[in-house]
>>> print(open('coords.cif').read())   # mmCIF, C-alpha atoms
data_structure
loop_
_atom_site.label_atom_id
_atom_site.label_comp_id
_atom_site.auth_asym_id
_atom_site.auth_seq_id
_atom_site.Cartn_x
_atom_site.Cartn_y
_atom_site.Cartn_z
CA MET Z 15 0.00 0.00 0.00
CA GLN Z 16 1.34 3.43 -0.92
CA CYS Z 17 1.92 6.14 1.66
CA ILE Z 18 -1.09 8.42 2.18
CA PHE Z 19 1.12 11.52 2.14
CA CYS Z 20 2.69 10.42 -1.16
CA LYS Z 21 -0.82 10.08 -2.59
CA ILE Z 22 -1.66 13.60 -1.42
CA ILE Z 23 1.59 14.96 -2.90
CA LYS Z 24 0.82 13.28 -6.25
CA GLY Z 25 -2.71 14.72 -6.24
CA GLU Z 26 -4.34 11.29 -5.96
CA LEU Z 27 -6.02 12.39 -2.72
CA LEU Z 28 -7.40 15.84 -2.05
CA CYS Z 29 -6.20 18.11 0.72
CA ASP Z 30 -6.80 21.63 1.96
CA LYS Z 31 -3.51 23.00 0.66
CA VAL Z 32 -1.96 25.91 2.53
CA TYR Z 33 1.48 26.07 0.85
CA GLU Z 34 3.45 24.18 -1.78
CA ASP Z 35 6.80 24.45 -3.51
CA ASP Z 36 9.28 22.02 -5.11
CA HIS Z 37 10.31 20.49 -1.77
CA VAL Z 38 7.36 20.59 0.63
CA LEU Z 39 3.59 20.59 0.85
CA ALA Z 40 1.58 22.06 3.73
CA PHE Z 41 -2.10 21.29 4.29
CA LEU Z 42 -4.69 21.26 7.04
CA ASP Z 43 -4.70 18.13 9.20
CA ILE Z 44 -7.95 16.17 8.69
CA ALA Z 45 -8.04 15.44 12.44
CA PRO Z 46 -6.82 18.72 13.93
CA VAL Z 47 -5.77 19.12 17.53
CA ASN Z 48 -6.93 22.74 17.14
CA LEU Z 49 -8.57 24.49 14.21
CA GLY Z 50 -5.81 25.62 11.84
CA HIS Z 51 -3.54 22.61 12.59
CA ILE Z 52 -1.14 22.30 9.62
CA LEU Z 53 0.93 19.34 8.45
CA LEU Z 54 4.14 20.21 6.61
CA VAL Z 55 5.29 17.22 4.55
CA VAL Z 56 8.52 16.80 2.60
CA LYS Z 57 7.80 15.69 -0.96
CA LYS Z 58 10.60 13.12 -1.03
CA HIS Z 59 9.40 9.99 0.75
CA VAL Z 60 11.52 9.53 3.85
CA GLU Z 61 10.18 7.96 7.01
CA SER Z 62 12.14 9.67 9.76
CA ILE Z 63 14.13 12.77 10.57
CA GLU Z 64 17.33 10.73 10.40
CA GLU Z 65 16.70 10.14 6.69
CA VAL Z 66 16.13 13.81 5.80
CA ASP Z 67 19.05 15.54 4.09
CA ASP Z 68 20.50 18.27 6.33
CA LEU Z 69 19.90 21.02 3.75
CA LEU Z 70 16.28 19.95 3.30
CA LEU Z 71 15.80 19.79 7.06
CA GLY Z 72 17.06 23.36 7.39
CA TYR Z 73 14.71 24.40 4.60
CA VAL Z 74 11.80 22.68 6.35
CA MET Z 75 12.46 24.82 9.44
CA GLN Z 76 12.43 27.97 7.28
CA ILE Z 77 8.99 26.99 5.98
CA VAL Z 78 7.80 26.12 9.50
CA LYS Z 79 8.78 29.65 10.51
CA LYS Z 80 6.98 31.14 7.49
CA LEU Z 81 3.82 29.12 8.21
CA GLY Z 82 3.98 29.98 11.90
CA MET Z 83 4.19 33.69 11.14
CA ALA Z 84 1.23 33.39 8.75
CA MET Z 85 -0.67 31.43 11.40
CA LYS Z 86 -0.13 34.15 14.00
CA LYS Z 87 -1.22 36.87 11.57
CA SER Z 88 -4.25 35.10 10.09
CA LEU Z 89 -5.62 33.33 13.17
CA LYS Z 90 -4.60 36.01 15.67
CA VAL Z 91 -2.89 33.47 17.92
CA SER Z 92 0.10 34.41 20.04
CA GLY Z 93 1.75 31.00 19.89
CA TYR Z 94 1.91 27.62 18.23
CA ASN Z 95 3.47 24.21 18.79
CA ILE Z 96 5.90 22.66 16.33
CA ILE Z 97 5.87 18.89 16.77
CA ILE Z 98 7.72 16.11 14.99
CA ASN Z 99 6.66 12.62 16.04
CA ASN Z 100 9.60 10.43 15.05
CA GLY Z 101 8.76 6.71 15.21
CA ALA Z 102 5.67 4.81 16.27
CA THR Z 103 6.51 4.96 19.98
CA ALA Z 104 6.67 8.76 19.66
CA GLY Z 105 3.21 8.89 18.08
CA GLN Z 106 4.14 8.91 14.38
CA VAL Z 107 1.13 7.46 12.57
CA VAL Z 108 2.16 8.04 8.94
CA ASP Z 109 5.65 6.76 8.07
CA HIS Z 110 6.57 9.86 6.07
CA PHE Z 111 8.53 12.69 7.70
CA HIS Z 112 6.31 15.64 8.59
CA CYS Z 113 5.90 18.47 11.07
CA HIS Z 114 2.76 19.47 12.92
CA ILE Z 115 2.21 23.20 13.35
CA ILE Z 116 -0.58 23.62 15.87
CA PRO Z 117 -2.07 27.03 16.70
CA ARG Z 118 -2.58 27.70 20.39
CA TYR Z 119 -5.52 29.66 21.65
CA GLY Z 120 -5.44 31.04 25.18
CA ASP Z 121 -8.39 28.97 26.34
CA ASP Z 122 -7.93 25.84 24.21
CA GLY Z 123 -7.50 23.49 27.17
CA LEU Z 124 -4.61 21.59 25.56
CA LYS Z 125 -2.05 20.32 28.03
CA ALA Z 126 1.55 19.31 27.47
CA TRP Z 127 2.70 15.88 28.53
CA PRO Z 128 3.47 15.28 32.21
CA GLN Z 129 6.95 16.20 33.38
CA LYS Z 130 9.32 13.97 35.32
CA GLN Z 131 12.43 14.58 37.39
CA TYR Z 132 15.80 12.87 37.36
CA LYS Z 133 16.77 10.96 40.47
CA GLY Z 134 20.27 10.66 41.87
CA GLU Z 135 22.83 10.20 39.10
CA GLU Z 136 20.30 9.65 36.27
CA ALA Z 137 20.94 13.02 34.61
CA LYS Z 138 24.71 12.52 34.66
CA LYS Z 139 24.34 9.02 33.19
CA MET Z 140 22.06 10.36 30.42
CA VAL Z 141 24.51 13.14 29.55
CA ASN Z 142 27.39 10.67 29.39
CA ALA Z 143 25.38 8.27 27.22
CA PHE Z 144 24.45 11.08 24.79
CA LYS Z 145 28.02 12.38 24.63
CA SER Z 146 29.42 8.93 23.89
CA ALA Z 147 26.83 8.42 21.13
CA LEU Z 148 27.76 11.73 19.50
#
>>> encode(input="coords.cif", output="structure tokens")
Amino acid sequence: MQCIFCKIIKGELLCDKVYEDDHVLAFLDIAPVNLGHILLVVKKHVESIEEVDDLLLGYVMQIVKKLGMAMKKSLKVSGYNIIINNGATAGQVVDHFHCHIIPRYGDDGLKAWPQKQYKGEEAKKMVNAFKSAL
């Protein structure tokens, strides 16, 4: 079965297009967290952020900024979330790299995930593990 985002990019499935150029396509999410929720999809089929070329990834962030500024101006919101779910355990439903740009309204009731705290030497161990992997 072909990727749903690839079908949208090819025009085989309709979308409410917000922005498009040679590298990316932005459209309204069909199941928005908030009204105005945009998905920004790279046109080249890659599943995860690790597979995205560094230049393209930088370009994606430029378009995220552009869309965010347009979102603030058009929807009169003061903020928005930029979310990349990378992998199924992180909530990625479609295996095609994309960013969520979600407008935030002052009274929208959306909550961030619960926060935790490091215990004892956990933070130091995490830092050392990250540094050795880099």
>>> closest_atom_pairs(input="coords.cif", of="range 79-146 of chain Z", to="range 40-59 of chain Z", cutoff="8 Å", atoms="all atoms listed in the file", output="tab-separated table")
residue	atom	partner	partner_atom	distance
Z:Met85	CA	Z:Gly50	CA	7.8
Z:Leu89	CA	Z:Gly50	CA	7.8
Z:His110	CA	Z:His59	CA	6.0
Z:Phe111	CA	Z:Val55	CA	6.4
Z:His112	CA	Z:Val55	CA	4.5
Z:Cys113	CA	Z:Leu54	CA	5.1
Z:His114	CA	Z:Leu53	CA	4.8
Z:Ile115	CA	Z:Ile52	CA	5.1
Z:Ile116	CA	Z:His51	CA	4.5
Z:Pro117	CA	Z:His51	CA	6.2
Z:Arg118	CA	Z:Asn48	CA	7.4
Z:Asp122	CA	Z:Asn48	CA	7.8
>>> closest_residue(input="coords.cif", among="Z:Ile96, Z:Ile77, Z:Lys145, Z:Gln129", to="Asp35 in chain Z", atoms="all atoms listed in the file")
Z:Ile77
>>> resolve_selection(input="coords.cif", expression="the PyMOL selection byres ((chain Z and resi 18) around 12)", output="PyMOL selection string")
chain Z and resi 15-17+19-29+55+57+59+107-111
>>> atom_distance(input="coords.cif", atom1="CA of Pro128 in chain Z", atom2="CA of Val141 in chain Z")
21.3 Å
>>> residues_near_point(input="coords.cif", point="(8.2, 26.0, 13.4)", cutoff="9 Å", atoms="only C-alpha atoms", output="VMD selection string")
chain Z and resid 74 to 83 94 to 97 113 to 115
>>> closest_residue(input="coords.cif", among="Z:Lys90, Z:Ala143, Z:Ala102, Z:Leu148", to="Gly120 in chain Z", atoms="all atoms listed in the file")
Z:Lys90
>>> atom_distance(input="coords.cif", atom1="CA of Tyr73 in chain Z", atom2="CA of His37 in chain Z")
8.7 Å
